[in-house]
Amino acid sequence: MNEHFKAPPIPATLPRESATFDAYTMSEIRRAAATGIYDIRGAGAKRKVPHFDDLLFLGASISRYPLEGYREKCGTDVVLGTRFAKKPIELKTPVTIAGMSFGSLSGPAKEALGRGASAMGTSTTTGDGGMTQEERGHSKTLVYQYLPSRYGMNPDDIRKADAIEVVVGQGAKPGGGGMLLGQKISKRVAQMRNLPEGIDQRSACRHPDWTGPDDLEIKIEELREITDWEKPIYVKVGAARPYYDTALAVKAGADVVVVDGMQGGTAATQEVFIEHVGIPTLAAIRNAVRALQDLGMHRKVQLIVSGGIRNGADVAKALALGADAVAIGTAALIALGDNDPALDEEYRALGSRAGAYDDWHEGRDPAGITTQDPELMKRLDPVKAGRRLANFLAVMTLEAQTIARACGKSHVHNLEPEDLVALTIEAAAMAQVPIAGTDWVPGLTGRF
Amino acid sequence: MNANVESHAIDLAGSSVRELNSALHALKEGSNASLWRIANPRGLHAIAAGVDAPVTVEIDGPVGYYCGGMNKQATIIVRGSAGVGVGENMMSGLIHVEGDASQAAGATAHGGTLVIEGNAAARCGISMKGVDIVVKGSVGHMSAFMAQSGSMVVFGDAGEALGDSIYEARLYVRGSVASLGADCIEKEMRDEHRQELFERFKSAGVNGQIDPSEFKRYGSGRTLYHFHVDNASAY
């Protein structure tokens, strides 16, 4: 061998991280190995799932006339509870505020939600902790949740409410109960829930006094009797089997059905639950609507959709697929100031960062929203935060109107599936609209 | 309907539950209509639900689900058996069932007294929040599940998993307990508890007829009050 020959260097491969064992997955394995208990967090599913971004509106063209923006009217009002309630709810925008408990949220945060929603003529919703003066006092229209725990449930508050929402489940955890860790069970929260102060509280996942659709019908009858048939009764389910759940809720006598997809937030539950149970919002709407249509009840029993609604386009798409209204939770908290980049340093001190903070259960929220710490909650000015929420609701409503006018509709409820196309096969199959540029709707041939 | 007379008789064979409840809800403080006799309840649901007045409602026969639901102030006497959730979420007053009660009697009730002469089925006192329950017979499985506060006195036996995940409610059982639920333990019977039993006997009309020392007390072991890996099997 020639002594001057030098073997060429062997090309080295780059270090490669596993797609299966990615950095987040490995960090979770290490966390589990160190603690021996599952991870608990707030918010909804963070994984990417088919969503409204995968849909587009077609807009008007030669065959459809658009409406003039700024001049031609495009209605956004919605009436909820027209089936049985003597006093249905009338809202000026189809964007409502989803149920979030006092306990998980601070008093000022609940007040801000009430202020923002009332300024825009829409409703707020209590949560798993009873009705507070902050919220009743500042919400023109308040929906009172009827939950398995029945914390703070009493006939006086139920009569003060404008509607009752029987909560069967929520999108973040269909089949799961509530959870509020000791850090947030302050004296006031403990008192409202009849619990010892500072304990880790688990709420039941099933209602204590009814099981199944036949019992639910009798339960709804009782609630109507107690409130003299005045108030609309909603039934809220986590998106899992939306066709059957919607049909059964209608059969049980609901005025309104609320379907919450897996992107819908929670105050606290197991990470594994949030990411692996339930179906995306997009996959739930058409099946819920089909159940209403099959029963001849579409638009007679109203459908509210929630879980990952972020802007007016999402609102318009949900309505076009057949919903009567939407509900926002996480987006409303962001409007109040949750996960604000200005607080990045403080989020980092908690081991997170602005935009990723989800330890809502720990009660140390520097934004003063998901906390019961008197010092932290002082940071949230309910008047200013309420104004931000009102602005955000106004923008969502204007955006939905803009799209509806572009599609030639004089009311946002006139949007229809025919106005939509999908960008992906998955979204097309879930929304049951064609892939853009084709007339192919995957999955329409078979029932599921 | 004239609300200024002493007693009313309503026959549910002819009137609806809606008419009855509507009349009961219309009662104001100081009304003279203090006694309501209800005939032919025939297992109808939500009879006398949501009453908020110091009246007495006597129901002559068996009732269906949620009789006296969310009751405030009223005394409701059921001369028969009661269906699911009798006195659910009651706030105050007295509900007296002369027969047996079905599941979830007194569920989530915040106050008042619920007396059941016969047996109560499963989940009696589930999630109770301050009510005092006296069952002169036995209670079924999962009774006092997640019971938060108040008391439950059982003259007979208790079924499986009594007091599962109980918080601060106090349970007294004279007979046998098939099994205790997660974090429910037998506790020492002190004078204050014997005193409480006396009070309960009084409200159940058996004052002096029963010896408190025949009862055992059960309550929370408080081991599940904070999440801990060693309790993982209980979650």
# chains A, B, ... in the order shown; residues from 1 in each chain; ligands from 1
$ residues_around --residues "Leu380 (chain A)" --least-positions-apart "5" --cutoff "12 Å" --atoms "only C-alpha atoms" --output "VMD selection string"
chain A and resid 105 to 113 333 335 to 338 365 to 375 385 to 386 388
$ write_last_selection --atoms "N, CA and C atoms" --output "PDB file, in the first residue's frame"
ATOM      1  N   LEU A 105     -60.659  29.723  38.363  1.00  0.00           N
ATOM      2  CA  LEU A 105     -60.368  31.114  38.015  1.00  0.00           C
ATOM      3  C   LEU A 105     -60.547  32.002  39.249  1.00  0.00           C
ATOM      4  N   SER A 106     -59.855  33.101  39.261  1.00  0.00           N
ATOM      5  CA  SER A 106     -59.968  34.058  40.359  1.00  0.00           C
ATOM      6  C   SER A 106     -61.273  34.851  40.249  1.00  0.00           C
ATOM      7  N   GLY A 107     -61.647  35.501  41.344  1.00  0.00           N
ATOM      8  CA  GLY A 107     -62.827  36.368  41.339  1.00  0.00           C
ATOM      9  C   GLY A 107     -62.723  37.462  40.274  1.00  0.00           C
ATOM     10  N   PRO A 108     -61.578  38.184  40.215  1.00  0.00           N
ATOM     11  CA  PRO A 108     -61.447  39.221  39.183  1.00  0.00           C
ATOM     12  C   PRO A 108     -61.554  38.667  37.759  1.00  0.00           C
ATOM     13  N   ALA A 109     -61.064  37.450  37.536  1.00  0.00           N
ATOM     14  CA  ALA A 109     -61.163  36.867  36.189  1.00  0.00           C
ATOM     15  C   ALA A 109     -62.621  36.592  35.846  1.00  0.00           C
ATOM     16  N   LYS A 110     -63.389  36.063  36.816  1.00  0.00           N
ATOM     17  CA  LYS A 110     -64.811  35.810  36.557  1.00  0.00           C
ATOM     18  C   LYS A 110     -65.536  37.134  36.302  1.00  0.00           C
ATOM     19  N   GLU A 111     -65.173  38.159  37.064  1.00  0.00           N
ATOM     20  CA  GLU A 111     -65.799  39.464  36.859  1.00  0.00           C
ATOM     21  C   GLU A 111     -65.473  39.991  35.454  1.00  0.00           C
ATOM     22  N   ALA A 112     -64.224  39.852  35.050  1.00  0.00           N
ATOM     23  CA  ALA A 112     -63.809  40.336  33.726  1.00  0.00           C
ATOM     24  C   ALA A 112     -64.569  39.610  32.616  1.00  0.00           C
ATOM     25  N   LEU A 113     -64.775  38.304  32.784  1.00  0.00           N
ATOM     26  CA  LEU A 113     -65.538  37.548  31.778  1.00  0.00           C
ATOM     27  C   LEU A 113     -66.958  38.108  31.688  1.00  0.00           C
ATOM     28  N   LEU A 333     -59.544  33.462  27.916  1.00  0.00           N
ATOM     29  CA  LEU A 333     -58.504  33.670  28.935  1.00  0.00           C
ATOM     30  C   LEU A 333     -57.298  34.385  28.334  1.00  0.00           C
ATOM     31  N   ALA A 335     -57.426  36.466  25.870  1.00  0.00           N
ATOM     32  CA  ALA A 335     -57.837  37.867  25.716  1.00  0.00           C
ATOM     33  C   ALA A 335     -57.727  38.618  27.047  1.00  0.00           C
ATOM     34  N   LEU A 336     -58.026  37.922  28.156  1.00  0.00           N
ATOM     35  CA  LEU A 336     -57.906  38.573  29.469  1.00  0.00           C
ATOM     36  C   LEU A 336     -56.445  38.866  29.807  1.00  0.00           C
ATOM     37  N   GLY A 337     -55.526  38.043  29.281  1.00  0.00           N
ATOM     38  CA  GLY A 337     -54.113  38.270  29.579  1.00  0.00           C
ATOM     39  C   GLY A 337     -53.313  37.019  29.896  1.00  0.00           C
ATOM     40  N   ASP A 338     -53.945  35.855  29.768  1.00  0.00           N
ATOM     41  CA  ASP A 338     -53.247  34.605  30.040  1.00  0.00           C
ATOM     42  C   ASP A 338     -52.129  34.381  29.013  1.00  0.00           C
ATOM     43  N   ASP A 365     -50.458  31.508  38.781  1.00  0.00           N
ATOM     44  CA  ASP A 365     -50.526  32.243  37.517  1.00  0.00           C
ATOM     45  C   ASP A 365     -50.123  33.713  37.685  1.00  0.00           C
ATOM     46  N   PRO A 366     -49.015  34.122  37.084  1.00  0.00           N
ATOM     47  CA  PRO A 366     -48.591  35.518  37.227  1.00  0.00           C
ATOM     48  C   PRO A 366     -49.565  36.513  36.593  1.00  0.00           C
ATOM     49  N   ALA A 367     -50.453  36.022  35.719  1.00  0.00           N
ATOM     50  CA  ALA A 367     -51.445  36.919  35.108  1.00  0.00           C
ATOM     51  C   ALA A 367     -52.634  37.160  36.042  1.00  0.00           C
ATOM     52  N   GLY A 368     -52.691  36.425  37.161  1.00  0.00           N
ATOM     53  CA  GLY A 368     -53.778  36.641  38.133  1.00  0.00           C
ATOM     54  C   GLY A 368     -55.102  36.029  37.714  1.00  0.00           C
ATOM     55  N   ILE A 369     -55.072  35.114  36.766  1.00  0.00           N
ATOM     56  CA  ILE A 369     -56.317  34.547  36.234  1.00  0.00           C
ATOM     57  C   ILE A 369     -56.625  33.183  36.855  1.00  0.00           C
ATOM     58  N   THR A 370     -55.694  32.228  36.716  1.00  0.00           N
ATOM     59  CA  THR A 370     -55.941  30.878  37.246  1.00  0.00           C
ATOM     60  C   THR A 370     -55.300  30.755  38.631  1.00  0.00           C
ATOM     61  N   THR A 371     -55.740  31.586  39.545  1.00  0.00           N
ATOM     62  CA  THR A 371     -55.136  31.592  40.877  1.00  0.00           C
ATOM     63  C   THR A 371     -56.156  31.995  41.921  1.00  0.00           C
ATOM     64  N   GLN A 372     -55.890  31.628  43.168  1.00  0.00           N
ATOM     65  CA  GLN A 372     -56.675  32.133  44.299  1.00  0.00           C
ATOM     66  C   GLN A 372     -55.772  32.920  45.244  1.00  0.00           C
ATOM     67  N   ASP A 373     -54.529  33.186  44.818  1.00  0.00           N
ATOM     68  CA  ASP A 373     -53.587  33.949  45.631  1.00  0.00           C
ATOM     69  C   ASP A 373     -53.996  35.428  45.596  1.00  0.00           C
ATOM     70  N   PRO A 374     -54.294  36.007  46.780  1.00  0.00           N
ATOM     71  CA  PRO A 374     -54.820  37.384  46.798  1.00  0.00           C
ATOM     72  C   PRO A 374     -53.871  38.383  46.132  1.00  0.00           C
ATOM     73  N   GLU A 375     -52.568  38.185  46.290  1.00  0.00           N
ATOM     74  CA  GLU A 375     -51.619  39.122  45.690  1.00  0.00           C
ATOM     75  C   GLU A 375     -51.611  38.982  44.166  1.00  0.00           C
ATOM     76  N   ALA A 385     -59.422  44.116  31.719  1.00  0.00           N
ATOM     77  CA  ALA A 385     -59.448  42.771  31.121  1.00  0.00           C
ATOM     78  C   ALA A 385     -60.794  42.519  30.443  1.00  0.00           C
ATOM     79  N   GLY A 386     -61.861  43.005  31.075  1.00  0.00           N
ATOM     80  CA  GLY A 386     -63.193  42.866  30.481  1.00  0.00           C
ATOM     81  C   GLY A 386     -63.280  43.609  29.153  1.00  0.00           C
ATOM     82  N   ARG A 388     -60.775  44.143  27.123  1.00  0.00           N
ATOM     83  CA  ARG A 388     -60.032  43.357  26.113  1.00  0.00           C
ATOM     84  C   ARG A 388     -60.900  42.218  25.585  1.00  0.00           C
TER      85      ARG A 388
END
$ residues_around --residues "Glu88 (chain B)" --least-positions-apart "4" --cutoff "7 Å" --atoms "only C-alpha atoms" --output "list in words"
Tyr66, Gly69, Met70, Ala105, Gly106, Ala107, Thr108 and Ala109 of chain B
$ residues_around --residues "region 118-134 of chain B" --least-positions-apart "2" --cutoff "7 Å" --atoms "only C-alpha atoms" --output "ChimeraX atom specification"
/A:194,208 /B:98-116,136-154,204
$ write_last_selection --atoms "N, CA and C atoms" --output "tab-separated table (two decimals), in the first residue's frame"
chain	number	residue	atom	x	y	z
A	194	ASN	N	-68.18	23.30	50.37
A	194	ASN	CA	-68.32	22.47	51.58
A	194	ASN	C	-67.17	21.48	51.72
A	208	PRO	N	-74.67	12.14	40.67
A	208	PRO	CA	-74.97	11.27	41.81
A	208	PRO	C	-76.36	10.67	41.78
B	98	GLU	N	-92.25	7.24	54.73
B	98	GLU	CA	-92.74	6.18	55.62
B	98	GLU	C	-92.45	4.78	55.09
B	99	GLY	N	-92.16	4.68	53.81
B	99	GLY	CA	-91.81	3.38	53.24
B	99	GLY	C	-90.31	3.27	53.01
B	100	ASP	N	-89.94	2.63	51.91
B	100	ASP	CA	-88.53	2.51	51.54
B	100	ASP	C	-88.17	3.62	50.56
B	101	ALA	N	-86.86	3.86	50.43
B	101	ALA	CA	-86.39	4.84	49.45
B	101	ALA	C	-85.48	4.15	48.45
B	102	SER	N	-85.57	4.58	47.20
B	102	SER	CA	-84.71	4.02	46.15
B	102	SER	C	-83.31	4.63	46.25
B	103	GLN	N	-82.56	4.52	45.16
B	103	GLN	CA	-81.16	4.98	45.15
B	103	GLN	C	-81.04	6.47	45.41
B	104	ALA	N	-79.83	6.85	45.84
B	104	ALA	CA	-79.42	8.26	45.91
B	104	ALA	C	-80.37	9.11	46.76
B	105	ALA	N	-80.92	8.53	47.81
B	105	ALA	CA	-81.75	9.33	48.71
B	105	ALA	C	-80.87	10.41	49.35
B	106	GLY	N	-81.35	11.64	49.35
B	106	GLY	CA	-80.60	12.74	49.98
B	106	GLY	C	-79.32	13.11	49.26
B	107	ALA	N	-79.20	12.74	47.98
B	107	ALA	CA	-77.97	13.05	47.24
B	107	ALA	C	-77.66	14.53	47.28
B	108	THR	N	-76.43	14.86	47.56
B	108	THR	CA	-75.87	16.23	47.56
B	108	THR	C	-76.63	17.21	48.46
B	109	ALA	N	-77.49	16.71	49.33
B	109	ALA	CA	-78.32	17.61	50.14
B	109	ALA	C	-77.44	18.45	51.08
B	110	HIS	N	-77.77	19.74	51.14
B	110	HIS	CA	-76.95	20.69	51.90
B	110	HIS	C	-77.43	20.89	53.34
B	111	GLY	N	-78.68	20.55	53.62
B	111	GLY	CA	-79.18	20.79	54.97
B	111	GLY	C	-80.51	20.11	55.18
B	112	GLY	N	-81.13	20.39	56.34
B	112	GLY	CA	-82.40	19.77	56.66
B	112	GLY	C	-82.23	18.35	57.15
B	113	THR	N	-83.37	17.66	57.30
B	113	THR	CA	-83.36	16.29	57.82
B	113	THR	C	-84.15	15.39	56.88
B	114	LEU	N	-83.59	14.22	56.61
B	114	LEU	CA	-84.26	13.21	55.79
B	114	LEU	C	-84.40	11.95	56.63
B	115	VAL	N	-85.64	11.56	56.89
B	115	VAL	CA	-85.88	10.35	57.69
B	115	VAL	C	-86.55	9.31	56.81
B	116	ILE	N	-85.99	8.11	56.80
B	116	ILE	CA	-86.57	7.02	56.00
B	116	ILE	C	-86.91	5.88	56.96
B	136	LYS	N	-84.01	4.08	59.13
B	136	LYS	CA	-84.35	3.13	60.21
B	136	LYS	C	-84.11	1.68	59.79
B	137	GLY	N	-84.06	1.43	58.49
B	137	GLY	CA	-83.70	0.11	58.00
B	137	GLY	C	-82.22	0.10	57.63
B	138	SER	N	-81.91	-0.52	56.49
B	138	SER	CA	-80.52	-0.63	56.04
B	138	SER	C	-80.28	0.24	54.81
B	139	VAL	N	-79.00	0.48	54.50
B	139	VAL	CA	-78.66	1.23	53.29
B	139	VAL	C	-77.86	0.34	52.34
B	140	GLY	N	-78.00	0.60	51.05
B	140	GLY	CA	-77.34	-0.21	50.03
B	140	GLY	C	-75.88	0.16	49.83
B	141	HIS	N	-75.30	-0.42	48.77
B	141	HIS	CA	-73.87	-0.22	48.51
B	141	HIS	C	-73.55	1.22	48.12
B	142	MET	N	-72.30	1.58	48.33
B	142	MET	CA	-71.79	2.91	47.97
B	142	MET	C	-72.54	4.05	48.66
B	143	SER	N	-73.13	3.77	49.80
B	143	SER	CA	-73.80	4.86	50.50
B	143	SER	C	-72.74	5.82	51.06
B	144	ALA	N	-73.11	7.10	51.14
B	144	ALA	CA	-72.21	8.16	51.60
B	144	ALA	C	-70.93	8.23	50.75
B	145	PHE	N	-71.03	7.89	49.47
B	145	PHE	CA	-69.90	8.04	48.55
B	145	PHE	C	-69.55	9.53	48.44
B	146	MET	N	-68.31	9.87	48.64
B	146	MET	CA	-67.83	11.27	48.58
B	146	MET	C	-68.65	12.20	49.48
B	147	ALA	N	-69.15	11.67	50.58
B	147	ALA	CA	-69.97	12.48	51.48
B	147	ALA	C	-69.11	13.58	52.09
B	148	GLN	N	-69.56	14.81	51.99
B	148	GLN	CA	-68.72	15.94	52.37
B	148	GLN	C	-68.94	16.42	53.80
B	149	SER	N	-70.21	16.58	54.17
B	149	SER	CA	-70.49	16.97	55.55
B	149	SER	C	-71.92	16.58	55.90
B	150	GLY	N	-72.27	16.73	57.20
B	150	GLY	CA	-73.57	16.26	57.66
B	150	GLY	C	-73.43	14.90	58.31
B	151	SER	N	-74.58	14.27	58.59
B	151	SER	CA	-74.51	12.97	59.27
B	151	SER	C	-75.47	11.97	58.64
B	152	MET	N	-75.10	10.70	58.74
B	152	MET	CA	-75.99	9.64	58.29
B	152	MET	C	-76.05	8.58	59.38
B	153	VAL	N	-77.26	8.31	59.86
B	153	VAL	CA	-77.46	7.34	60.93
B	153	VAL	C	-78.24	6.16	60.34
B	154	VAL	N	-77.70	4.95	60.48
B	154	VAL	CA	-78.35	3.77	59.90
B	154	VAL	C	-78.64	2.79	61.04
B	204	ALA	N	-85.90	11.89	64.56
B	204	ALA	CA	-86.52	10.75	63.89
B	204	ALA	C	-87.66	10.15	64.72
$ atom_distance --atom1 "CA of Leu321 (chain A)" --atom2 "CA of Leu67 (chain A)"
20.5 Å
$ atom_distance --atom1 "CA of Lys72 (chain B)" --atom2 "CA of Ser149 (chain A)"
19.8 Å
$ select_by_dssp --residues "region 80-325 of chain A" --states "helix (DSSP H, G or I)" --output "ChimeraX atom specification"
/A:107-119,133-138,155-160,182-184,187-193,212-226,242-251,271-276,281-294,312-320
$ closest_atom_pairs --of "chain B" --to "chain A" --cutoff "6 Å" --atoms "only C-alpha atoms" --output "Markdown table"
| residue | atom | partner | partner_atom | distance |
| --- | --- | --- | --- | --- |
| B:Ala46 | CA | A:Glu222 | CA | 5.2 |
| B:Ala49 | CA | A:Ile226 | CA | 5.8 |
| B:Gly50 | CA | A:Ile226 | CA | 4.6 |
| B:Gly85 | CA | A:Asp209 | CA | 5.7 |
| B:Ala104 | CA | A:Asp209 | CA | 5.4 |
| B:Tyr225 | CA | A:Ile199 | CA | 5.1 |
| B:His226 | CA | A:Asp200 | CA | 5.1 |
| B:Val229 | CA | A:Ile37 | CA | 5.6 |
$ write_last_selection --atoms "N, CA and C atoms" --output "compact mmCIF listing (two decimals), in the first residue's frame"
# COMPACT_ATOMS: atom_id res chain seq x y z
N ALA B 46 -90.84 14.35 40.61
CA ALA B 46 -90.65 15.77 40.97
C ALA B 46 -91.83 16.37 41.72
N ALA B 49 -91.13 19.45 44.29
CA ALA B 49 -89.73 19.85 44.08
C ALA B 49 -89.64 21.37 44.09
N GLY B 50 -88.60 21.88 44.73
CA GLY B 50 -88.33 23.32 44.69
C GLY B 50 -89.24 24.16 45.57
N GLY B 85 -83.51 9.50 44.35
CA GLY B 85 -83.15 10.88 44.67
C GLY B 85 -84.16 11.65 45.48
N ALA B 104 -79.83 6.85 45.84
CA ALA B 104 -79.42 8.26 45.91
C ALA B 104 -80.37 9.11 46.76
N TYR B 225 -56.52 13.02 50.94
CA TYR B 225 -56.71 14.46 50.83
C TYR B 225 -55.62 15.13 49.99
N HIS B 226 -54.51 14.43 49.82
CA HIS B 226 -53.46 14.98 48.96
C HIS B 226 -52.94 13.89 48.05
N VAL B 229 -48.16 9.23 45.48
CA VAL B 229 -47.91 8.01 44.71
C VAL B 229 -48.33 6.76 45.50
$ residues_around --residues "Ala240 (chain A)" --least-positions-apart "4" --cutoff "10 Å" --atoms "only C-alpha atoms" --output "VMD selection string"
chain A and resid 169 to 171 173 to 175 244 to 245 259 to 262 277 to 281 283 to 284
$ select_by_dssp --residues "region 142-363 of chain A" --states "strand (DSSP E)" --output "NGL selection string"
:A and (142-146 or 163-167 or 179-180 or 201-202 or 233-238 or 256-260 or 269-270 or 302-306 or 325-328)
$ write_last_selection --atoms "C-alpha atoms" --output "mmCIF file, in the first residue's frame"
data_model
loop_
_atom_site.group_PDB
_atom_site.id
_atom_site.type_symbol
_atom_site.label_atom_id
_atom_site.label_comp_id
_atom_site.auth_asym_id
_atom_site.auth_seq_id
_atom_site.Cartn_x
_atom_site.Cartn_y
_atom_site.Cartn_z
ATOM 1 C CA LEU A 142 -75.528 33.813 33.020
ATOM 2 C CA VAL A 143 -75.717 30.079 32.385
ATOM 3 C CA TYR A 144 -75.559 28.006 35.578
ATOM 4 C CA GLN A 145 -73.810 24.678 35.260
ATOM 5 C CA TYR A 146 -75.369 21.622 36.900
ATOM 6 C CA ALA A 163 -80.245 29.112 31.772
ATOM 7 C CA ILE A 164 -79.131 25.793 33.218
ATOM 8 C CA GLU A 165 -76.420 23.644 31.638
ATOM 9 C CA VAL A 166 -76.464 19.986 32.694
ATOM 10 C CA VAL A 167 -72.839 18.970 32.282
ATOM 11 C CA MET A 179 -60.038 18.235 39.913
ATOM 12 C CA LEU A 180 -58.821 21.184 41.932
ATOM 13 C CA GLN A 201 -60.305 17.941 45.539
ATOM 14 C CA ARG A 202 -61.576 15.363 43.070
ATOM 15 C CA ILE A 233 -81.880 23.736 29.757
ATOM 16 C CA TYR A 234 -78.648 22.906 27.954
ATOM 17 C CA VAL A 235 -76.977 19.508 27.975
ATOM 18 C CA LYS A 236 -73.203 19.613 27.522
ATOM 19 C CA VAL A 237 -71.224 16.595 26.341
ATOM 20 C CA GLY A 238 -67.588 16.030 25.557
ATOM 21 C CA VAL A 256 -79.787 23.283 23.700
ATOM 22 C CA VAL A 257 -76.996 20.744 23.133
ATOM 23 C CA VAL A 258 -73.396 21.780 23.757
ATOM 24 C CA VAL A 259 -70.690 19.652 22.113
ATOM 25 C CA ASP A 260 -67.138 20.302 23.308
ATOM 26 C CA THR A 269 -56.713 16.887 34.580
ATOM 27 C CA GLN A 270 -54.294 14.168 33.607
ATOM 28 C CA GLN A 302 -79.872 24.756 19.270
ATOM 29 C CA LEU A 303 -76.331 23.420 18.972
ATOM 30 C CA ILE A 304 -73.387 25.159 20.630
ATOM 31 C CA VAL A 305 -69.926 23.983 19.599
ATOM 32 C CA SER A 306 -66.740 24.590 21.562
ATOM 33 C CA ALA A 325 -73.467 29.298 18.356
ATOM 34 C CA VAL A 326 -69.990 28.620 19.680
ATOM 35 C CA ALA A 327 -68.373 28.910 23.096
ATOM 36 C CA ILE A 328 -64.861 30.071 23.866
#
$ atom_distance --atom1 "CA of Ala354 (chain A)" --atom2 "CA of Asn339 (chain A)"
4.8 Å
$ residues_around --residues "Lys46 (chain A)" --least-positions-apart "4" --cutoff "9 Å" --atoms "only C-alpha atoms" --output "compact mmCIF listing (two decimals) with N, CA and C atoms, in the first residue's frame"
# COMPACT_ATOMS: atom_id res chain seq x y z
N GLN A 263 -60.04 19.80 21.94
CA GLN A 263 -59.16 20.96 22.13
C GLN A 263 -59.69 21.89 23.22
N ILE A 274 -56.23 14.33 28.56
CA ILE A 274 -56.44 15.47 27.66
C ILE A 274 -56.05 15.09 26.22
N GLU A 275 -54.94 14.40 26.08
CA GLU A 275 -54.41 14.15 24.74
C GLU A 275 -54.95 12.89 24.07
$ residues_around --residues "Val272 (chain A)" --least-positions-apart "4" --cutoff "12 Å" --atoms "only C-alpha atoms" --output "PyMOL selection string"
chain A and resi 25+28+32+37-42+44-47+172-173+176+268+276-278
$ write_last_selection --atoms "N, CA and C atoms" --output "mmCIF file, in the first residue's frame"
data_model
loop_
_atom_site.group_PDB
_atom_site.id
_atom_site.type_symbol
_atom_site.label_atom_id
_atom_site.label_comp_id
_atom_site.auth_asym_id
_atom_site.auth_seq_id
_atom_site.Cartn_x
_atom_site.Cartn_y
_atom_site.Cartn_z
ATOM 1 N N THR A 25 -41.531 13.577 24.752
ATOM 2 C CA THR A 25 -41.866 12.233 25.239
ATOM 3 C C THR A 25 -40.824 11.754 26.250
ATOM 4 N N GLU A 28 -41.182 13.384 29.573
ATOM 5 C CA GLU A 28 -42.308 12.851 30.332
ATOM 6 C C GLU A 28 -41.945 11.499 30.966
ATOM 7 N N ALA A 32 -42.101 10.915 34.914
ATOM 8 C CA ALA A 32 -42.878 9.816 35.495
ATOM 9 C C ALA A 32 -41.984 8.917 36.342
ATOM 10 N N ILE A 37 -46.183 9.335 39.570
ATOM 11 C CA ILE A 37 -47.595 9.707 39.420
ATOM 12 C C ILE A 37 -47.783 10.489 38.126
ATOM 13 N N TYR A 38 -49.000 10.387 37.580
ATOM 14 C CA TYR A 38 -49.246 11.007 36.276
ATOM 15 C C TYR A 38 -49.133 12.530 36.340
ATOM 16 N N ASP A 39 -48.954 13.097 35.157
ATOM 17 C CA ASP A 39 -48.820 14.544 35.051
ATOM 18 C C ASP A 39 -50.210 15.166 34.983
ATOM 19 N N ILE A 40 -50.389 16.209 35.740
ATOM 20 C CA ILE A 40 -51.658 16.952 35.724
ATOM 21 C C ILE A 40 -51.378 18.335 35.152
ATOM 22 N N ARG A 41 -52.267 18.801 34.303
ATOM 23 C CA ARG A 41 -52.109 20.164 33.767
ATOM 24 C C ARG A 41 -53.467 20.731 33.377
ATOM 25 N N GLY A 42 -53.460 21.984 32.985
ATOM 26 C CA GLY A 42 -54.679 22.610 32.482
ATOM 27 C C GLY A 42 -54.655 22.658 30.968
ATOM 28 N N GLY A 44 -56.366 22.379 26.912
ATOM 29 C CA GLY A 44 -56.903 21.264 26.136
ATOM 30 C C GLY A 44 -55.798 20.537 25.391
ATOM 31 N N ALA A 45 -56.211 19.694 24.438
ATOM 32 C CA ALA A 45 -55.230 18.919 23.669
ATOM 33 C C ALA A 45 -54.279 19.873 22.952
ATOM 34 N N LYS A 46 -52.991 19.602 23.053
ATOM 35 C CA LYS A 46 -51.985 20.445 22.400
ATOM 36 C C LYS A 46 -51.461 19.808 21.122
ATOM 37 N N ARG A 47 -51.699 18.529 20.965
ATOM 38 C CA ARG A 47 -51.241 17.872 19.734
ATOM 39 C C ARG A 47 -51.989 18.460 18.538
ATOM 40 N N ALA A 172 -62.112 18.137 27.018
ATOM 41 C CA ALA A 172 -60.760 17.816 27.485
ATOM 42 C C ALA A 172 -60.721 16.450 28.153
ATOM 43 N N LYS A 173 -61.864 16.017 28.676
ATOM 44 C CA LYS A 173 -61.876 14.772 29.457
ATOM 45 C C LYS A 173 -63.258 14.138 29.467
ATOM 46 N N GLY A 176 -64.429 12.047 32.490
ATOM 47 C CA GLY A 176 -63.635 12.389 33.672
ATOM 48 C C GLY A 176 -64.337 13.402 34.537
ATOM 49 N N ALA A 268 -57.806 21.470 35.162
ATOM 50 C CA ALA A 268 -56.800 20.504 35.588
ATOM 51 C C ALA A 268 -57.282 19.095 35.295
ATOM 52 N N HIS A 276 -55.571 11.994 24.836
ATOM 53 C CA HIS A 276 -55.904 10.687 24.262
ATOM 54 C C HIS A 276 -57.363 10.267 24.372
ATOM 55 N N VAL A 277 -58.221 11.089 24.939
ATOM 56 C CA VAL A 277 -59.633 10.713 25.041
ATOM 57 C C VAL A 277 -60.486 11.802 24.388
ATOM 58 N N GLY A 278 -61.424 11.388 23.579
ATOM 59 C CA GLY A 278 -62.307 12.342 22.901
ATOM 60 C C GLY A 278 -61.849 12.573 21.471
#
$ residues_around --residues "region 433-437 of chain A" --least-positions-apart "5" --cutoff "6 Å" --atoms "only C-alpha atoms" --output "PDB file with C-alpha atoms, in the first residue's frame"
ATOM      1  CA  VAL A 421     -64.046  23.046   1.005  1.00  0.00           C
ATOM      2  CA  ALA A 422     -61.267  21.165   2.761  1.00  0.00           C
ATOM      3  CA  LEU A 423     -57.503  21.186   2.366  1.00  0.00           C
ATOM      4  CA  ALA A 428     -62.836  16.676   4.295  1.00  0.00           C
TER       5      ALA A 428
END
